[in-house]
2 protein chains.
Amino acid sequence: MKLRFCVLMFASAMILPAADDLKKPLVLASQGSFFVGGESKSVTASGPNPQAPAVTGDITVNQMYVQFQTPVGGNHTPIVMVHGCCLSSKTWETTPDGRMGWNEYFVRKGRPTYLADQVSRARSGFDGSRINAVRTGAVPPSQLPNILTASHQTAWAVFRFGPTFNTPFPDGQFPIEAVDELYKQMIPDLNSLLPIPNPTWTNMAALAVKLRGAVLIGHSESGFYPEQAALIDPTGVKGIVSIEMPCVTNLTSPQLSTLAKIPTLVMFGDHLGDVKGGVANWATSFESCQTFVKQVSDAGGDAQMMHLPKMGIKGNSHMLMQDRNNLQLADLILDWTDMHVEGKKASHKK
Amino acid sequence: MKLRFCVLMFASAMILPAADDLKKPLVLASQGSFFVGGESKSVTASGPNPQAPAVTGDITVNQMYVQFQTPVGGNHTPIVMVHGCCLSSKTWETTPDGRMGWNEYFVRKGRPTYLADQVSRARSGFDGSRINAVRTGAVPPSQLPNILTASHQTAWAVFRFGPTFNTPFPDGQFPIEAVDELYKQMIPDLNSLLPIPNPTWTNMAALAVKLRGAVLIGHSESGFYPEQAALIDPTGVKGIVSIEMPCVTNLTSPQLSTLAKIPTLVMFGDHLGDVKGGVANWATSFESCQTFVKQVSDAGGDAQMMHLPKMGIKGNSHMLMQDRNNLQLADLILDWTDMHVEGKKASHKK
């Protein structure tokens, strides 16, 4: 394992993405957007407050918005990217300091690329009927959803930009001069409104089937969603990339057997235990994922932990897809996909 | 005026978009996303309910998410598209039945194209602090925002798909077999939370300046936003396209003088008075826009009403950018832009 890492690192160091290539026009075979899932729900206006008429009729809920681009030629496995808490698919696009995001880079590397807004977030919308029911007086305020709204201070700590608020790590890879642009990406998270199982999991599994096979990438809140999707229906899930999240370590033996059939990569950045305060404990999350990787491996699976600082890649934050070395990290995932999902040699270095 | 319409119609009929051309790879000089506007807001948790901790710290509000693509070559004026009520920028993308949306078509016709999610919607996020304040008990439920959630029944009537729910117009252009996919686009509208003036107006004006000139397109709820943006700062607004909305008819003389310096196109579809029920009165809205167009013209401006059925184009719904003839309508706007904003002959027919 260590030898493979060293070979990868050496190759990455020798053949960094050529900036000139990335400035060439982007040629797409197709692009577009669509929804996966969604169901009708009947909503009736009721409540003592006649000044607060809620909607009466049917609405659609639990649908997942997906935006895609496909490259010309090639036969690579499609990639699906799902963002984390209090964020949208903006996560994967142009970085806060204006560099290319993973969405475009993966397409330029020949991958059909799909960005999904989580159910109840961004262009997927959310079910506003409970909030309206409180407004009309039909149900009490205690039934309002807990809307997660991460403050700048929370983001700084959870995303590991530095040891304390507004003090960045000296070796930090996040483009901290543009942190205000990241704060603009942070939007209310209404996942507390969702039924069980989370419709995003179901929709991710259905999307993978629709695509006739896909690698699912999750991050943070959604980091374990690829596994959850595969546990609902593994048919289309050809690979799993889980980035920085707590891992579930009490899966049953049949569940582990299901996951063991899918190549799995887990990736963590730097400074996991170096931030004071915040609601996340990344050192504990990392340990849980170490355990999970071992459990899948013990079940006969191909599961791998990439802990970046152990590979000599230092200073990565939780938002590593936006870090200064984001394309180097993308290359690690591309190489892993080539070798573990598609059974080829690393292709992006040709 | 009538002669010009006839010439346009004849040309459009002769040279419809070549389907083969639209299947060629899409070549982009650049693409990406960014935010316009946004400001910090301090939020403190307070309220009698200790089980409902709200966020404490700073959040960013009133930012506007913008996604763009630019074509290779050409020097056309950028186009900014802003969606209507209870919708997102999905409005302009792949149609419910899977055809090309205006976003890609305009790029293929050489226009740098920018899609903005309205402030408080979709990837722009919204200010969830008042809802959280109700949850903690700090303010009463009456202060909850009125979340507009259009039901299928409301959408059917307001979007003029047919005289009564689930009965389409025989000549309707909307792809009614895919109406369920439209319903998935409909998401909660939290504009009632916004300050005055609406930050989307301010941000649209700022975006036009950033782009060093742009044509602003609004639809329905946002139909008059281009005018509102120009009234805040006309510097970057090189053209206005207002599609299907109520027009403001009591602007002051100085306001009309400002707007009279900007070429303005207003577009309305068919069956304006043919739907029973619903919260919109399109016949009245149309009349208000007839008045507005005359007011701008009387102030010396270049303002024009395109009422499609009067031009022989029948059956268009309120969601005309998704109708079966959506590219024909796009051509009308492209031609108008070429002639009225750029002072050229119609270019898309070359």
# chains A, B, ... in the order shown; residues from 1 in each chain; ligands from 1
$ residues_around --residues "Phe34 in chain A" --least-positions-apart "5" --cutoff "12 Å" --atoms "only C-alpha atoms" --output "ChimeraX atom specification"
/A:63-69,114-117,123-124,207,210 /B:90-101,178,180-185
$ write_last_selection --atoms "N, CA and C atoms" --output "short mmCIF file (atom, residue, chain, number, x, y, z; two decimals), in the first residue's frame"
data_model
loop_
_atom_site.label_atom_id
_atom_site.label_comp_id
_atom_site.auth_asym_id
_atom_site.auth_seq_id
_atom_site.Cartn_x
_atom_site.Cartn_y
_atom_site.Cartn_z
N GLN A 63 -37.65 15.38 -4.41
CA GLN A 63 -36.94 15.26 -5.67
C GLN A 63 -35.49 15.77 -5.52
N MET A 64 -34.60 15.27 -6.36
CA MET A 64 -33.18 15.66 -6.32
C MET A 64 -32.76 16.23 -7.68
N TYR A 65 -32.31 17.48 -7.67
CA TYR A 65 -31.86 18.17 -8.88
C TYR A 65 -30.45 17.72 -9.24
N VAL A 66 -30.24 17.39 -10.50
CA VAL A 66 -28.93 16.93 -10.98
C VAL A 66 -28.54 17.71 -12.23
N GLN A 67 -27.32 18.22 -12.25
CA GLN A 67 -26.78 18.98 -13.38
C GLN A 67 -25.59 18.19 -13.92
N PHE A 68 -25.49 18.05 -15.25
CA PHE A 68 -24.43 17.18 -15.77
C PHE A 68 -23.75 17.76 -17.00
N GLN A 69 -22.53 17.28 -17.23
CA GLN A 69 -21.80 17.55 -18.47
C GLN A 69 -21.08 16.26 -18.86
N TYR A 114 -21.72 14.48 -12.84
CA TYR A 114 -23.08 14.81 -12.39
C TYR A 114 -23.00 15.44 -11.00
N LEU A 115 -23.58 16.64 -10.86
CA LEU A 115 -23.64 17.31 -9.56
C LEU A 115 -25.08 17.25 -9.06
N ALA A 116 -25.26 16.75 -7.85
CA ALA A 116 -26.61 16.67 -7.28
C ALA A 116 -26.75 17.62 -6.10
N ASP A 117 -27.78 18.48 -6.13
CA ASP A 117 -28.14 19.23 -4.93
C ASP A 117 -28.92 18.27 -4.03
N ARG A 123 -31.50 23.90 -5.47
CA ARG A 123 -32.46 23.76 -6.56
C ARG A 123 -33.35 22.52 -6.42
N SER A 124 -33.05 21.67 -5.44
CA SER A 124 -33.96 20.55 -5.16
C SER A 124 -35.17 21.01 -4.37
N LEU A 207 -30.02 7.16 -9.37
CA LEU A 207 -29.21 7.85 -10.39
C LEU A 207 -28.12 6.93 -10.92
N LYS A 210 -29.69 4.60 -13.29
CA LYS A 210 -30.05 5.33 -14.52
C LYS A 210 -28.81 5.52 -15.41
N LYS B 90 -33.14 26.51 -12.98
CA LYS B 90 -33.54 25.32 -13.74
C LYS B 90 -34.52 25.70 -14.86
N THR B 91 -35.30 26.76 -14.61
CA THR B 91 -36.22 27.31 -15.61
C THR B 91 -35.64 27.35 -17.01
N TRP B 92 -34.37 27.76 -17.10
CA TRP B 92 -33.75 28.05 -18.40
C TRP B 92 -32.99 26.87 -18.97
N GLU B 93 -32.88 25.80 -18.21
CA GLU B 93 -32.06 24.66 -18.62
C GLU B 93 -32.94 23.65 -19.37
N THR B 94 -32.41 22.43 -19.50
CA THR B 94 -33.15 21.34 -20.16
C THR B 94 -34.64 21.43 -19.83
N THR B 95 -35.49 21.37 -20.87
CA THR B 95 -36.94 21.49 -20.65
C THR B 95 -37.48 20.24 -19.95
N PRO B 96 -38.68 20.33 -19.39
CA PRO B 96 -39.24 19.16 -18.70
C PRO B 96 -39.27 17.90 -19.56
N ASP B 97 -39.42 18.05 -20.88
CA ASP B 97 -39.42 16.88 -21.76
C ASP B 97 -38.06 16.63 -22.39
N GLY B 98 -37.01 17.26 -21.87
CA GLY B 98 -35.65 16.88 -22.24
C GLY B 98 -35.04 17.58 -23.44
N ARG B 99 -35.68 18.67 -23.92
CA ARG B 99 -35.07 19.42 -25.02
C ARG B 99 -34.10 20.48 -24.49
N MET B 100 -33.36 21.10 -25.41
CA MET B 100 -32.38 22.11 -25.03
C MET B 100 -33.06 23.36 -24.47
N GLY B 101 -32.54 23.86 -23.38
CA GLY B 101 -33.05 25.09 -22.79
C GLY B 101 -32.39 26.32 -23.39
N ALA B 178 -45.02 16.08 -19.87
CA ALA B 178 -43.90 16.11 -18.93
C ALA B 178 -44.15 17.11 -17.79
N ASP B 180 -45.19 16.74 -14.86
CA ASP B 180 -44.69 16.31 -13.54
C ASP B 180 -43.23 16.74 -13.33
N GLU B 181 -42.47 16.79 -14.43
CA GLU B 181 -41.08 17.24 -14.32
C GLU B 181 -41.01 18.74 -14.04
N LEU B 182 -41.97 19.49 -14.55
CA LEU B 182 -42.04 20.92 -14.18
C LEU B 182 -42.35 21.07 -12.71
N TYR B 183 -43.29 20.26 -12.20
CA TYR B 183 -43.67 20.38 -10.79
C TYR B 183 -42.45 20.17 -9.88
N LYS B 184 -41.49 19.34 -10.33
CA LYS B 184 -40.30 19.10 -9.52
C LYS B 184 -39.40 20.35 -9.45
N GLN B 185 -39.57 21.25 -10.42
CA GLN B 185 -38.77 22.49 -10.43
C GLN B 185 -39.30 23.51 -9.43
#
$ residues_around --residues "Asn198 in chain A" --least-positions-apart "3" --cutoff "10 Å" --atoms "only C-alpha atoms" --output "JSON, numbers by chain"
{"A": [62, 118, 119, 191, 192, 193, 194, 195, 201, 202, 203, 225, 228, 229]}
$ write_last_selection --atoms "all heavy atoms" --output "CSV table (one decimal), in the first residue's frame"
chain,number,residue,atom,x,y,z
A,62,ASN,N,-39.2,15.8,-2.1
A,62,ASN,CA,-38.1,14.7,-2.1
A,62,ASN,C,-37.5,14.5,-3.5
A,62,ASN,O,-36.8,13.4,-3.6
A,62,ASN,CB,-38.7,13.4,-1.5
A,62,ASN,CG,-39.2,13.6,-0.1
A,62,ASN,OD1,-38.7,14.5,0.6
A,62,ASN,ND2,-40.1,12.7,0.3
A,118,GLN,N,-28.5,18.1,-2.8
A,118,GLN,CA,-29.2,17.2,-1.9
A,118,GLN,C,-30.7,17.6,-1.8
A,118,GLN,O,-31.1,18.7,-1.9
A,118,GLN,CB,-28.6,17.4,-0.4
A,118,GLN,CG,-27.4,16.7,-0.2
A,118,GLN,CD,-27.1,16.6,1.3
A,118,GLN,OE1,-28.0,16.3,2.1
A,118,GLN,NE2,-25.8,16.8,1.7
A,119,VAL,N,-31.5,16.6,-1.6
A,119,VAL,CA,-32.9,16.8,-1.4
A,119,VAL,C,-33.1,17.7,-0.2
A,119,VAL,O,-32.4,17.6,0.9
A,119,VAL,CB,-33.7,15.4,-1.1
A,119,VAL,CG1,-35.1,15.7,-0.7
A,119,VAL,CG2,-33.6,14.5,-2.3
A,191,ASN,N,-32.2,19.4,6.3
A,191,ASN,CA,-32.3,18.0,6.3
A,191,ASN,C,-33.1,17.4,7.4
A,191,ASN,O,-33.6,16.3,7.4
A,191,ASN,CB,-30.9,17.4,6.3
A,191,ASN,CG,-30.2,17.4,5.0
A,191,ASN,OD1,-30.7,18.1,4.1
A,191,ASN,ND2,-29.2,16.6,4.8
A,192,SER,N,-33.3,18.2,8.5
A,192,SER,CA,-34.1,17.7,9.6
A,192,SER,C,-35.6,17.5,9.2
A,192,SER,O,-36.3,16.8,10.0
A,192,SER,CB,-34.0,18.7,10.8
A,192,SER,OG,-34.6,19.9,10.4
A,193,LEU,N,-36.0,18.0,8.1
A,193,LEU,CA,-37.3,17.8,7.6
A,193,LEU,C,-37.5,16.5,6.9
A,193,LEU,O,-38.6,16.0,6.6
A,193,LEU,CB,-37.7,18.9,6.6
A,193,LEU,CG,-38.2,20.3,7.1
A,193,LEU,CD1,-38.3,21.2,5.9
A,193,LEU,CD2,-39.5,20.1,7.8
A,194,LEU,N,-36.4,15.8,6.6
A,194,LEU,CA,-36.5,14.6,5.7
A,194,LEU,C,-37.0,13.4,6.4
A,194,LEU,O,-36.7,13.2,7.6
A,194,LEU,CB,-35.1,14.4,5.1
A,194,LEU,CG,-34.6,15.5,4.1
A,194,LEU,CD1,-33.2,15.1,3.7
A,194,LEU,CD2,-35.5,15.7,3.0
A,195,PRO,N,-37.7,12.5,5.6
A,195,PRO,CA,-38.1,11.2,6.1
A,195,PRO,C,-36.8,10.3,6.2
A,195,PRO,O,-35.8,10.6,5.8
A,195,PRO,CB,-39.1,10.7,5.1
A,195,PRO,CG,-38.7,11.4,3.8
A,195,PRO,CD,-38.1,12.7,4.2
A,201,TRP,N,-30.3,9.5,-0.4
A,201,TRP,CA,-29.7,8.2,-0.6
A,201,TRP,C,-30.4,7.4,-1.7
A,201,TRP,O,-29.7,6.8,-2.6
A,201,TRP,CB,-29.7,7.4,0.7
A,201,TRP,CG,-29.2,8.0,1.9
A,201,TRP,CD1,-28.4,9.2,2.0
A,201,TRP,CD2,-29.3,7.6,3.3
A,201,TRP,NE1,-28.1,9.5,3.3
A,201,TRP,CE2,-28.6,8.6,4.1
A,201,TRP,CE3,-30.0,6.6,3.9
A,201,TRP,CZ2,-28.6,8.5,5.5
A,201,TRP,CZ3,-29.9,6.4,5.3
A,201,TRP,CH2,-29.2,7.4,6.1
A,202,THR,N,-31.7,7.3,-1.5
A,202,THR,CA,-32.5,6.6,-2.5
A,202,THR,C,-32.3,7.1,-3.9
A,202,THR,O,-32.1,6.4,-4.9
A,202,THR,CB,-34.0,6.7,-2.1
A,202,THR,OG1,-34.1,6.5,-0.7
A,202,THR,CG2,-34.8,5.6,-2.9
A,203,ASN,N,-32.3,8.4,-4.0
A,203,ASN,CA,-32.1,9.1,-5.3
A,203,ASN,C,-30.7,8.9,-5.9
A,203,ASN,O,-30.5,8.7,-7.1
A,203,ASN,CB,-32.4,10.6,-5.2
A,203,ASN,CG,-33.9,10.8,-4.9
A,203,ASN,OD1,-34.8,10.0,-5.2
A,203,ASN,ND2,-34.2,12.0,-4.4
A,225,TYR,N,-23.0,9.0,2.3
A,225,TYR,CA,-24.2,8.8,1.5
A,225,TYR,C,-23.9,7.7,0.4
A,225,TYR,O,-24.8,7.0,0.1
A,225,TYR,CB,-24.6,10.1,0.8
A,225,TYR,CG,-25.4,11.1,1.8
A,225,TYR,CD1,-25.4,10.9,3.2
A,225,TYR,CD2,-26.0,12.2,1.2
A,225,TYR,CE1,-26.0,11.8,4.0
A,225,TYR,CE2,-26.7,13.1,2.0
A,225,TYR,CZ,-26.7,12.9,3.4
A,225,TYR,OH,-27.3,13.8,4.2
A,228,GLN,N,-24.6,4.6,2.0
A,228,GLN,CA,-26.0,4.4,2.3
A,228,GLN,C,-26.8,4.1,1.0
A,228,GLN,O,-27.7,3.3,1.0
A,228,GLN,CB,-26.5,5.7,2.9
A,228,GLN,CG,-25.8,6.1,4.3
A,228,GLN,CD,-26.3,5.2,5.4
A,228,GLN,OE1,-26.9,4.1,5.3
A,228,GLN,NE2,-25.9,5.6,6.6
A,229,ALA,N,-26.4,4.8,-0.1
A,229,ALA,CA,-27.1,4.5,-1.4
A,229,ALA,C,-26.9,3.1,-1.8
A,229,ALA,O,-27.8,2.4,-2.2
A,229,ALA,CB,-26.5,5.5,-2.4
$ interface_residues --of "chain B" --to "chain A" --cutoff "6 Å" --atoms "only C-alpha atoms" --output "NGL selection string"
:B and (25-29 or 32-33 or 57-60 or 94 or 122-123 or 125 or 135 or 141-142 or 144 or 151-152 or 184 or 187)
$ atom_distance --atom1 "CA of Lys310 in chain B" --atom2 "CA of Met81 in chain B"
25.0 Å
$ residues_around --residues "Leu320 in chain A" --least-positions-apart "6" --cutoff "8 Å" --atoms "only C-alpha atoms" --output "list in words"
Gln173, Phe174, Gly269, Asn326 and Leu329 of chain A
$ select_by_dssp --residues "range 157-233 of chain B" --states "strand (DSSP E or B)" --output "list of chain:residue names"
B:Thr164, B:Thr167, B:Asp189, B:Ala214, B:Val215, B:Leu216, B:Ile217, B:Gly218, B:His219
$ atom_distance --atom1 "CA of Met339 in chain A" --atom2 "CA of Thr284 in chain A"
29.4 Å
$ atom_distance --atom1 "CA of Thr337 in chain A" --atom2 "CA of Cys85 in chain A"
25.2 Å
$ residues_around --residues "Ile313 in chain B" --least-positions-apart "4" --cutoff "10 Å" --atoms "only C-alpha atoms" --output "PyMOL selection string"
chain B and resi 9+173+269-270+307-309+325+328-329
$ residues_around --residues "Ser222 in chain A" --least-positions-apart "6" --cutoff "7 Å" --atoms "only C-alpha atoms" --output "count of residues only"
3
$ select_by_dssp --residues "range 155-215 of chain B" --states "alpha helix (DSSP H)" --output "list in words"
Ala155, Trp156, Ala157, Val158, Val179, Asp180, Glu181, Leu182, Tyr183, Lys184, Gln185, Pro199, Thr200, Trp201, Thr202, Asn203, Met204, Ala205, Ala206, Leu207, Ala208, Val209 and Lys210 of chain B
$ residues_around --residues "Pro254 in chain B" --least-positions-apart "5" --cutoff "10 Å" --atoms "only C-alpha atoms" --output "list in words"
Leu231, Leu259, Ala260 and Ala299 of chain B
$ residues_around --residues "Thr291 in chain A" --least-positions-apart "2" --cutoff "12 Å" --atoms "only C-alpha atoms" --output "list in words"
Pro246, Cys247, Val248, Thr249, Asn250, Leu251, Val266, Thr284, Ser285, Phe286, Glu287, Ser288, Cys289, Val293, Lys294, Gln295, Val296, Ser297, Asp298, Ala303, Gln304 and Met305 of chain A
$ closest_residue --among "B:Arg160, B:Lys261, B:Lys276, B:Lys344" --to "Gly315 in chain B" --atoms "only C-alpha atoms"
B:Arg160
